[in-house]
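Undergrad: So here's start.txt (compact mmCIF, C-alpha atoms).
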```txt
# COMPACT_ATOMS: atom_id res chain seq x y z
CA MET A 1 -2.31 -15.42 15.30
CA PRO A 2 0.22 -15.62 18.13
CA PRO A 3 3.15 -13.19 17.96
CA ILE A 4 5.95 -14.22 15.62
CA GLU A 5 9.00 -15.28 17.61
CA ILE A 6 11.75 -14.33 15.20
CA GLN A 7 14.89 -16.38 15.67
CA ASN A 8 17.27 -13.77 14.27
CA PRO A 9 15.65 -10.31 14.37
CA GLN A 10 18.73 -8.48 13.09
CA ASN A 11 18.85 -10.65 10.00
CA VAL A 12 15.15 -9.98 9.32
CA LEU A 13 15.64 -6.23 9.73
CA ASP A 14 18.84 -6.17 7.66
CA GLN A 15 16.92 -7.42 4.63
CA ILE A 16 14.66 -4.33 4.60
CA LYS A 17 15.65 -1.47 2.31
CA TRP A 18 14.98 1.39 4.75
CA ASN A 19 14.53 4.82 3.17
CA ALA A 20 16.67 7.86 4.00
CA ASP A 21 14.61 8.39 7.17
CA GLY A 22 15.05 4.76 8.23
CA LEU A 23 11.45 3.87 7.37
CA VAL A 24 9.56 1.33 5.30
CA ALA A 25 6.01 1.75 3.94
CA ALA A 26 3.43 -0.49 5.63
CA ILE A 27 0.07 -1.27 4.05
CA ALA A 28 -2.60 -2.69 6.37
CA GLN A 29 -5.13 -4.99 4.74
CA ASP A 30 -8.13 -6.78 6.26
CA TYR A 31 -7.06 -10.42 6.47
CA GLN A 32 -10.53 -11.64 5.49
CA THR A 33 -11.99 -9.18 2.96
CA GLN A 34 -8.55 -8.03 1.70
CA GLU A 35 -9.73 -4.42 1.83
CA VAL A 36 -6.80 -2.02 2.09
CA LEU A 37 -7.39 -0.11 5.32
CA MET A 38 -4.47 2.33 5.51
CA MET A 39 -0.85 3.00 4.70
CA ALA A 40 1.62 4.16 7.32
CA TRP A 41 5.34 3.87 8.06
CA MET A 42 7.54 1.68 10.25
CA ASN A 43 11.07 1.96 11.54
CA ALA A 44 13.07 -1.06 12.66
CA GLU A 45 11.83 -0.86 16.23
CA SER A 46 8.19 -0.68 15.21
CA LEU A 47 8.49 -3.65 12.85
CA GLU A 48 10.19 -5.72 15.51
CA LEU A 49 7.51 -4.74 18.05
CA THR A 50 4.73 -5.51 15.57
CA ALA A 51 6.00 -9.07 15.19
CA LYS A 52 6.72 -9.48 18.88
CA LEU A 53 3.43 -8.08 20.22
CA GLY A 54 1.17 -9.33 17.43
CA HIS A 55 -0.44 -5.94 16.81
CA ALA A 56 0.49 -3.13 14.44
CA VAL A 57 3.01 -0.60 15.73
CA TYR A 58 3.89 2.19 13.30
CA TRP A 59 6.27 5.13 13.37
CA SER A 60 4.40 8.42 13.44
CA ARG A 61 6.24 10.85 11.17
CA SER A 62 4.20 13.82 12.46
CA ARG A 63 4.77 13.02 16.13
CA GLN A 64 8.20 11.39 15.62
CA LYS A 65 7.42 8.55 17.99
CA LEU A 66 6.21 4.96 18.06
CA TRP A 67 2.50 4.69 17.38
CA HIS A 68 0.77 1.67 18.85
CA LYS A 69 -2.26 1.73 16.54
CA GLY A 70 -5.39 1.73 18.71
CA GLU A 71 -3.65 2.89 21.89
CA SER A 72 -6.17 5.73 22.34
CA SER A 73 -9.05 4.55 20.13
CA GLY A 74 -9.02 0.86 21.06
CA HIS A 75 -8.93 0.14 17.32
CA GLN A 76 -5.95 -2.19 17.41
CA GLN A 77 -4.84 -4.15 14.37
CA VAL A 78 -4.18 -7.78 15.27
CA ILE A 79 -1.51 -9.23 12.99
CA HIS A 80 -2.23 -12.35 10.95
CA GLU A 81 0.65 -12.13 8.52
CA ILE A 82 3.51 -9.80 7.56
CA ARG A 83 4.69 -9.76 3.93
CA LEU A 84 7.62 -8.07 2.22
CA ASP A 85 7.85 -7.00 -1.41
CA CYS A 86 10.47 -7.79 -4.04
CA ASP A 87 12.60 -4.70 -3.53
CA ALA A 88 12.13 -4.84 0.25
CA ASP A 89 10.83 -1.29 0.68
CA ALA A 90 7.15 -2.05 1.33
CA ILE A 91 5.36 -4.32 3.76
CA VAL A 92 1.81 -5.67 3.79
CA LEU A 93 0.20 -6.42 7.13
CA GLN A 94 -2.72 -8.83 7.05
CA VAL A 95 -4.73 -7.62 10.06
CA GLU A 96 -7.91 -8.06 11.99
CA GLN A 97 -9.21 -4.51 12.53
CA MET A 98 -10.63 -4.26 16.05
CA GLY A 99 -13.69 -2.03 16.26
CA GLY A 100 -14.02 -2.25 12.48
CA ILE A 101 -12.58 1.24 11.98
CA ALA A 102 -9.06 1.95 10.74
CA CYS A 103 -9.38 5.63 9.83
CA HIS A 104 -9.20 8.53 12.27
CA THR A 105 -12.18 10.05 10.42
CA GLY A 106 -14.37 7.22 11.73
CA ARG A 107 -14.50 5.35 8.42
CA ARG A 108 -13.55 1.73 7.94
CA SER A 109 -10.73 2.49 5.50
CA CYS A 110 -8.61 5.58 4.99
CA PHE A 111 -9.13 5.20 1.21
CA TYR A 112 -12.63 6.66 1.28
CA ARG A 113 -12.32 8.95 -1.75
CA THR A 114 -12.63 7.85 -5.38
CA LEU A 115 -11.54 9.78 -8.45
CA LYS A 116 -14.51 10.77 -10.60
CA PRO A 117 -14.73 13.28 -13.46
CA GLU A 118 -15.86 15.90 -10.90
CA GLY A 119 -12.93 15.19 -8.54
CA TRP A 120 -12.31 13.14 -5.37
CA VAL A 121 -15.70 11.86 -4.23
CA GLU A 122 -16.41 10.13 -0.91
CA ASN A 123 -17.23 6.43 -1.27
CA ALA A 124 -17.79 5.30 2.33
CA PRO A 125 -19.79 6.44 5.34
CA VAL A 126 -18.54 7.68 8.70
CA LEU A 127 -19.32 4.79 11.04
CA LYS A 128 -18.38 6.54 14.26
CA ASP A 129 -18.03 10.20 15.20
CA PRO A 130 -14.28 10.91 15.59
CA SER A 131 -15.02 12.82 18.80
CA ASP A 132 -16.35 9.53 20.21
CA ILE A 133 -13.24 7.64 19.11
CA TYR A 134 -10.61 9.81 20.80
CA LYS A 135 -11.68 10.78 24.30
CA MET B 1 -13.42 0.97 -17.19
CA PRO B 2 -13.05 3.82 -19.68
CA PRO B 3 -10.45 6.48 -18.83
CA ILE B 4 -11.56 9.08 -16.29
CA GLU B 5 -12.13 12.42 -17.98
CA ILE B 6 -11.30 14.76 -15.13
CA GLN B 7 -13.02 18.11 -15.44
CA ASN B 8 -10.46 20.06 -13.42
CA PRO B 9 -7.13 18.16 -13.31
CA GLN B 10 -5.27 20.88 -11.45
CA ASN B 11 -7.82 20.80 -8.64
CA VAL B 12 -7.52 17.01 -8.39
CA LEU B 13 -3.72 17.21 -8.27
CA ASP B 14 -3.70 20.11 -5.80
CA GLN B 15 -5.47 17.94 -3.24
CA ILE B 16 -2.60 15.44 -3.13
CA LYS B 17 0.01 15.87 -0.40
CA TRP B 18 3.10 15.25 -2.53
CA ASN B 19 6.24 14.30 -0.64
CA ALA B 20 9.53 16.24 -0.79
CA ASP B 21 10.31 14.55 -4.12
CA GLY B 22 6.90 15.44 -5.54
CA LEU B 23 5.64 11.86 -5.28
CA VAL B 24 2.71 9.96 -3.79
CA ALA B 25 2.69 6.25 -2.87
CA ALA B 26 0.51 4.11 -5.15
CA ILE B 27 -0.71 0.67 -4.14
CA ALA B 28 -2.01 -1.56 -6.94
CA GLN B 29 -4.67 -4.05 -5.94
CA ASP B 30 -6.48 -6.68 -8.04
CA TYR B 31 -9.98 -5.25 -8.54
CA GLN B 32 -11.57 -8.70 -8.19
CA THR B 33 -9.57 -10.68 -5.60
CA GLN B 34 -8.34 -7.53 -3.78
CA GLU B 35 -4.84 -9.01 -3.63
CA VAL B 36 -2.21 -6.30 -3.20
CA LEU B 37 0.05 -6.65 -6.22
CA MET B 38 2.70 -3.97 -5.74
CA MET B 39 3.51 -0.55 -4.38
CA ALA B 40 5.20 2.11 -6.49
CA TRP B 41 5.29 5.90 -6.76
CA MET B 42 3.57 8.53 -8.89
CA ASN B 43 4.28 12.15 -9.66
CA ALA B 44 1.58 14.54 -10.86
CA GLU B 45 2.15 13.73 -14.51
CA SER B 46 1.94 9.98 -13.97
CA LEU B 47 -1.29 10.28 -11.96
CA GLU B 48 -2.86 12.45 -14.60
CA LEU B 49 -1.74 10.04 -17.35
CA THR B 50 -3.04 7.06 -15.36
CA ALA B 51 -6.51 8.59 -15.24
CA LYS B 52 -6.38 9.78 -18.83
CA LEU B 53 -5.06 6.57 -20.43
CA GLY B 54 -6.83 4.11 -18.12
CA HIS B 55 -3.70 2.13 -17.32
CA ALA B 56 -1.16 2.52 -14.53
CA VAL B 57 1.69 4.93 -15.16
CA TYR B 58 4.20 5.26 -12.32
CA TRP B 59 7.29 7.34 -11.71
CA SER B 60 10.41 5.20 -11.62
CA ARG B 61 12.64 6.53 -8.85
CA SER B 62 15.60 4.42 -10.02
CA ARG B 63 15.33 5.49 -13.66
CA GLN B 64 13.92 8.98 -12.90
CA LYS B 65 11.36 8.74 -15.67
CA LEU B 66 7.74 7.87 -16.35
CA TRP B 67 7.10 4.14 -16.20
CA HIS B 68 4.19 2.88 -18.25
CA LYS B 69 3.72 -0.39 -16.36
CA GLY B 70 3.79 -3.21 -18.90
CA GLU B 71 5.47 -1.23 -21.67
CA SER B 72 8.15 -3.90 -22.08
CA SER B 73 6.48 -6.92 -20.44
CA GLY B 74 2.96 -6.45 -21.79
CA HIS B 75 1.76 -6.74 -18.20
CA GLN B 76 -0.32 -3.58 -18.17
CA GLN B 77 -2.57 -2.68 -15.28
CA VAL B 78 -5.99 -1.58 -16.52
CA ILE B 79 -7.52 0.91 -14.11
CA HIS B 80 -10.93 0.23 -12.57
CA GLU B 81 -10.82 2.76 -9.78
CA ILE B 82 -8.43 5.27 -8.18
CA ARG B 83 -8.78 5.98 -4.45
CA LEU B 84 -7.12 8.53 -2.17
CA ASP B 85 -6.52 8.21 1.56
CA CYS B 86 -7.46 10.57 4.40
CA ASP B 87 -4.17 12.46 4.55
CA ALA B 88 -3.85 12.45 0.75
CA ASP B 89 -0.39 10.90 0.60
CA ALA B 90 -1.32 7.42 -0.61
CA ILE B 91 -3.38 6.13 -3.54
CA VAL B 92 -4.98 2.75 -4.18
CA LEU B 93 -5.39 1.63 -7.77
CA GLN B 94 -8.00 -1.05 -8.37
CA VAL B 95 -6.55 -2.79 -11.44
CA GLU B 96 -6.96 -5.65 -13.82
CA GLN B 97 -3.50 -7.19 -14.09
CA MET B 98 -2.89 -8.18 -17.70
CA GLY B 99 -0.88 -11.40 -18.06
CA GLY B 100 -1.60 -12.15 -14.40
CA ILE B 101 1.87 -11.10 -13.30
CA ALA B 102 2.68 -7.83 -11.52
CA CYS B 103 6.17 -8.59 -10.23
CA HIS B 104 9.36 -8.37 -12.25
CA THR B 105 10.40 -11.67 -10.64
CA GLY B 106 7.60 -13.42 -12.56
CA ARG B 107 5.33 -13.80 -9.54
CA ARG B 108 1.75 -12.60 -9.40
CA SER B 109 2.38 -10.16 -6.53
CA CYS B 110 5.53 -8.40 -5.36
CA PHE B 111 4.63 -9.33 -1.77
CA TYR B 112 5.82 -12.94 -2.12
CA ARG B 113 7.70 -13.20 1.18
CA THR B 114 6.11 -13.84 4.57
CA LEU B 115 7.70 -13.31 7.97
CA LYS B 116 8.18 -16.60 9.81
CA PRO B 117 10.26 -17.39 12.90
CA GLU B 118 13.10 -18.43 10.59
CA GLY B 119 12.93 -15.19 8.54
CA TRP B 120 11.36 -14.00 5.25
CA VAL B 121 10.01 -17.10 3.53
CA GLU B 122 8.68 -17.25 -0.04
CA ASN B 123 4.91 -17.77 -0.22
CA ALA B 124 4.24 -17.78 -3.98
CA PRO B 125 5.60 -19.48 -7.08
CA VAL B 126 7.37 -17.96 -10.07
CA LEU B 127 4.75 -18.19 -12.83
CA LYS B 128 6.98 -17.03 -15.64
CA ASP B 129 10.74 -16.89 -16.10
CA PRO B 130 11.77 -13.22 -15.89
CA SER B 131 14.02 -13.71 -18.93
CA ASP B 132 10.87 -14.56 -20.89
CA ILE B 133 9.07 -11.43 -19.60
CA TYR B 134 11.62 -8.83 -20.67
CA LYS B 135 12.92 -9.48 -24.15
```
Take the structure in this file and express it as structure tokens.

TA:
Amino acid sequence: MPPIEIQNPQNVLDQIKWNADGLVAAIAQDYQTQEVLMMAWMNAESLELTAKLGHAVYWSRSRQKLWHKGESSGHQQVIHEIRLDCDADAIVLQVEQMGGIACHTGRRSCFYRTLKPEGWVENAPVLKDPSDIYK
Amino acid sequence: MPPIEIQNPQNVLDQIKWNADGLVAAIAQDYQTQEVLMMAWMNAESLELTAKLGHAVYWSRSRQKLWHKGESSGHQQVIHEIRLDCDADAIVLQVEQMGGIACHTGRRSCFYRTLKPEGWVENAPVLKDPSDIYK
């Protein structure tokens, strides 16, 4: 999908219910399989950049800076659609996951643990050694 | 799916990275279509109850109390799987959405607005009048 050329960016941003830190939750989902790949956070600048550039830009809470997903790994998320929920505090990104890996552990999805009687059990393989992802 | 009889609940809960308010983000997804239905929040008690009862129990931040999803609408979310992400601050619930409606607006999903050049545009119909949902 080409970048979304928003006619009135301020109006679009004003409709978001930003939390106390000025952030909104962003859920990335594979646009074809609908698998949920990860959840991260966006501030106003990152949401505007995501629409403008056509790839996911988050706000890193740990590093306190913009995080162009894939900038070091090459695992960009190409945007196909951006959705907003009813109370305007969560966003779904329909994305094409470049390299097929969203998680920094080398798995496809960050949600690779499932609750079983014995606890959180891994449900997905490591597809790529993390030391080969971040060089 | 029958409820999950967790052998060591404290151990399961201790692995979650609760936020400053003691909450974790919970994304509910249709277990068949994989459509993302909503995002809400859980505290430790609601997560434990969700596993134990086999239906989604959230923590309502606005009402500051447990929220048995569907308690007034009948639109329960039957749990098929509970997943945890890599940094343990987000959960995915694979659910069967009773009544077919997750959103309090009467739409299937809460993510019923899509970003277009002209702004946030509705992408899904109201299936049921909200005044008929909450009586």

Undergrad: Find the residues in chain A near chain B: any atom within 7 Å counts, using only C-alpha atoms. Write them as a compact mmCIF listing (two decimals) with C-alpha atoms, keeping the file's coordinate frame.

TA:
```
# COMPACT_ATOMS: atom_id res chain seq x y z
CA ILE A 4 5.95 -14.22 15.62
CA GLU A 5 9.00 -15.28 17.61
CA ILE A 6 11.75 -14.33 15.20
CA GLN A 7 14.89 -16.38 15.67
CA VAL A 12 15.15 -9.98 9.32
CA GLN A 34 -8.55 -8.03 1.70
CA GLU A 35 -9.73 -4.42 1.83
CA MET A 39 -0.85 3.00 4.70
CA GLU A 81 0.65 -12.13 8.52
CA ILE A 82 3.51 -9.80 7.56
CA ARG A 83 4.69 -9.76 3.93
CA LEU A 84 7.62 -8.07 2.22
CA ASP A 85 7.85 -7.00 -1.41
CA CYS A 86 10.47 -7.79 -4.04
CA ALA A 90 7.15 -2.05 1.33
CA CYS A 110 -8.61 5.58 4.99
CA PHE A 111 -9.13 5.20 1.21
CA TYR A 112 -12.63 6.66 1.28
CA ARG A 113 -12.32 8.95 -1.75
CA THR A 114 -12.63 7.85 -5.38
CA LEU A 115 -11.54 9.78 -8.45
CA LYS A 116 -14.51 10.77 -10.60
CA PRO A 117 -14.73 13.28 -13.46
CA GLU A 118 -15.86 15.90 -10.90
CA GLY A 119 -12.93 15.19 -8.54
CA TRP A 120 -12.31 13.14 -5.37
```

Undergrad: If chain B is fitted onto chain A by least squares over all C-alpha atoms, taken pair by pair in sequence order, what do its new coordinates look like as a compact mmCIF listing (two decimals) with C-alpha atoms, in the coordinates of the input?

TA:
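Result went into part-v8.txt, see below:
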```txt
# COMPACT_ATOMS: atom_id res chain seq x y z
CA MET B 1 -2.30 -15.43 15.27
CA PRO B 2 0.22 -15.63 18.11
CA PRO B 3 3.15 -13.19 17.94
CA ILE B 4 5.98 -14.22 15.61
CA GLU B 5 9.01 -15.29 17.60
CA ILE B 6 11.76 -14.33 15.19
CA GLN B 7 14.91 -16.37 15.67
CA ASN B 8 17.29 -13.77 14.26
CA PRO B 9 15.67 -10.30 14.36
CA GLN B 10 18.74 -8.48 13.10
CA ASN B 11 18.85 -10.65 9.99
CA VAL B 12 15.16 -9.98 9.33
CA LEU B 13 15.65 -6.23 9.73
CA ASP B 14 18.84 -6.17 7.66
CA GLN B 15 16.90 -7.42 4.64
CA ILE B 16 14.66 -4.34 4.61
CA LYS B 17 15.64 -1.47 2.32
CA TRP B 18 14.97 1.38 4.75
CA ASN B 19 14.52 4.80 3.19
CA ALA B 20 16.66 7.86 4.00
CA ASP B 21 14.61 8.38 7.17
CA GLY B 22 15.05 4.76 8.23
CA LEU B 23 11.45 3.87 7.38
CA VAL B 24 9.55 1.32 5.29
CA ALA B 25 6.00 1.75 3.94
CA ALA B 26 3.42 -0.49 5.63
CA ILE B 27 0.07 -1.26 4.06
CA ALA B 28 -2.60 -2.69 6.37
CA GLN B 29 -5.13 -4.97 4.74
CA ASP B 30 -8.14 -6.78 6.25
CA TYR B 31 -7.05 -10.43 6.45
CA GLN B 32 -10.53 -11.64 5.48
CA THR B 33 -12.00 -9.17 2.96
CA GLN B 34 -8.56 -8.02 1.71
CA GLU B 35 -9.74 -4.41 1.84
CA VAL B 36 -6.81 -2.00 2.09
CA LEU B 37 -7.39 -0.10 5.32
CA MET B 38 -4.48 2.33 5.52
CA MET B 39 -0.86 2.99 4.70
CA ALA B 40 1.62 4.17 7.33
CA TRP B 41 5.34 3.88 8.06
CA MET B 42 7.53 1.68 10.25
CA ASN B 43 11.06 1.97 11.54
CA ALA B 44 13.06 -1.06 12.66
CA GLU B 45 11.82 -0.87 16.22
CA SER B 46 8.17 -0.67 15.21
CA LEU B 47 8.49 -3.65 12.84
CA GLU B 48 10.17 -5.72 15.50
CA LEU B 49 7.51 -4.72 18.06
CA THR B 50 4.73 -5.50 15.57
CA ALA B 51 6.00 -9.05 15.18
CA LYS B 52 6.72 -9.47 18.87
CA LEU B 53 3.43 -8.07 20.23
CA GLY B 54 1.17 -9.32 17.43
CA HIS B 55 -0.45 -5.95 16.81
CA ALA B 56 0.49 -3.13 14.45
CA VAL B 57 3.00 -0.61 15.74
CA TYR B 58 3.89 2.19 13.31
CA TRP B 59 6.25 5.13 13.37
CA SER B 60 4.38 8.42 13.43
CA ARG B 61 6.23 10.84 11.16
CA SER B 62 4.21 13.81 12.45
CA ARG B 63 4.76 13.01 16.12
CA GLN B 64 8.21 11.39 15.61
CA LYS B 65 7.42 8.55 17.97
CA LEU B 66 6.20 4.96 18.06
CA TRP B 67 2.49 4.69 17.37
CA HIS B 68 0.76 1.67 18.86
CA LYS B 69 -2.26 1.73 16.54
CA GLY B 70 -5.38 1.75 18.70
CA GLU B 71 -3.66 2.90 21.89
CA SER B 72 -6.16 5.74 22.32
CA SER B 73 -9.05 4.56 20.12
CA GLY B 74 -9.03 0.87 21.05
CA HIS B 75 -8.93 0.14 17.32
CA GLN B 76 -5.95 -2.19 17.40
CA GLN B 77 -4.85 -4.15 14.37
CA VAL B 78 -4.18 -7.78 15.27
CA ILE B 79 -1.51 -9.22 13.00
CA HIS B 80 -2.24 -12.35 10.96
CA GLU B 81 0.64 -12.13 8.53
CA ILE B 82 3.51 -9.80 7.58
CA ARG B 83 4.68 -9.76 3.95
CA LEU B 84 7.62 -8.07 2.23
CA ASP B 85 7.84 -7.00 -1.40
CA CYS B 86 10.48 -7.79 -4.03
CA ASP B 87 12.61 -4.69 -3.51
CA ALA B 88 12.12 -4.84 0.27
CA ASP B 89 10.83 -1.29 0.68
CA ALA B 90 7.16 -2.05 1.33
CA ILE B 91 5.35 -4.32 3.78
CA VAL B 92 1.80 -5.68 3.79
CA LEU B 93 0.19 -6.42 7.13
CA GLN B 94 -2.73 -8.83 7.06
CA VAL B 95 -4.75 -7.61 10.06
CA GLU B 96 -7.92 -8.04 12.00
CA GLN B 97 -9.22 -4.52 12.53
CA MET B 98 -10.63 -4.26 16.04
CA GLY B 99 -13.71 -2.03 16.27
CA GLY B 100 -14.02 -2.23 12.48
CA ILE B 101 -12.58 1.24 11.99
CA ALA B 102 -9.06 1.96 10.74
CA CYS B 103 -9.38 5.64 9.83
CA HIS B 104 -9.19 8.53 12.27
CA THR B 105 -12.17 10.05 10.42
CA GLY B 106 -14.36 7.20 11.73
CA ARG B 107 -14.50 5.36 8.41
CA ARG B 108 -13.56 1.73 7.95
CA SER B 109 -10.73 2.48 5.51
CA CYS B 110 -8.60 5.58 4.98
CA PHE B 111 -9.11 5.20 1.22
CA TYR B 112 -12.64 6.66 1.28
CA ARG B 113 -12.32 8.95 -1.75
CA THR B 114 -12.62 7.84 -5.37
CA LEU B 115 -11.53 9.78 -8.44
CA LYS B 116 -14.51 10.77 -10.59
CA PRO B 117 -14.73 13.27 -13.45
CA GLU B 118 -15.85 15.89 -10.93
CA GLY B 119 -12.93 15.19 -8.54
CA TRP B 120 -12.30 13.13 -5.37
CA VAL B 121 -15.70 11.86 -4.23
CA GLU B 122 -16.41 10.13 -0.91
CA ASN B 123 -17.23 6.43 -1.29
CA ALA B 124 -17.78 5.31 2.32
CA PRO B 125 -19.77 6.44 5.34
CA VAL B 126 -18.53 7.69 8.70
CA LEU B 127 -19.32 4.78 11.04
CA LYS B 128 -18.38 6.54 14.24
CA ASP B 129 -18.02 10.19 15.20
CA PRO B 130 -14.29 10.90 15.58
CA SER B 131 -15.01 12.80 18.81
CA ASP B 132 -16.34 9.53 20.22
CA ILE B 133 -13.21 7.62 19.09
CA TYR B 134 -10.59 9.78 20.79
CA LYS B 135 -11.59 10.70 24.31
```

Undergrad: Do you know which residues lie at most 9 Å from (5.9, -6.7, -18.2), with coordinates as in the file and all atoms listed in the file counted, and could you write them as number ranges by chain?

TA: B: 69-76, 98-99, 101-104, 106, 133-134

Undergrad: What does the distance between CA of Ala20 (chain B) and CA of Leu49 (chain B) come to in Å, to one decimal place?

TA: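 CA of Leu49 (chain B) lies at a distance of 21.0 Å from CA of Ala20 (chain B).
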
Undergrad: Rounded to one decimal in Å, what is the spacing between CA of Ile79 (chain A) and CA of Lys65 (chain A)?

TA: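 Computing it gives 20.5 Å between the two atoms.
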